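Engineer: So that we are looking at the same thing, I have put the structure below in structure tokens.
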Amino acid sequence: MGCNSLIGITIPNSVTTIGQNAFQSCTSLTNIIIPNSVTSIGGLAFNGCKNLKIITVLSTTPPELGNYVFYQDFQSILPDFMIYVPSGSVNYYKNATNWADYASRIQAIP
């Protein structure tokens, strides 16, 4: 939380949960890769990461997603970021609880 020098991160496969507030206000963070081992992402996990542009989630099943995960604050979604997921799972993500809030930003991994 609040690590201003962190630019990008690949979460290790040994991680199953990204806790609440884990990367909150990491203002230099631009990209993150979330492995298929992650089954839940806590509320506010990336809240305030104002430079976050690319989120790649490798799981075919959408991880449980908390509230306000990808928000600039409690009222507005982060600007200009995309969420990339496996191609066969795009619609699952777009319709999953809390992921649906970001449906217009969810696309297949290029």
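Following the order of the structure tokens, chains are lettered A, B, ..., residues in each are numbered from 1, and ligands are numbered from 1.
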Skipping near chain neighbours, those fewer than 4 positions away, what residues fall within 12 Å of A:Thr39 using only C-alpha atoms, listed as a count of residues only?

Structural biologist: 19

Engineer: Extract, using only C-alpha atoms, all DNA, RNA and protein residues at most 12 Å from A:Ala100, discarding same-chain residues fewer than 5 positions from it, and format them as a VMD selection string.

Structural biologist: chain A and resid 62 64 to 67 83 90 to 95 105 to 106

Engineer: In Å, with one decimal, what is the gap from atom CA of A:Ile33 to atom CA of A:Ile11?

Structural biologist: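 Atom CA of A:Ile33 sits 6.1 Å away from atom CA of A:Ile11.
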
Engineer: Output as an MDAnalysis selection string all residues of stretch 2-105 of chain A that backbone DSSP marks as strand (DSSP E or B).

Structural biologist: chainID A and resid 8:10 17:18 31:34 40:41 54:57 64:65 71 77 82:85
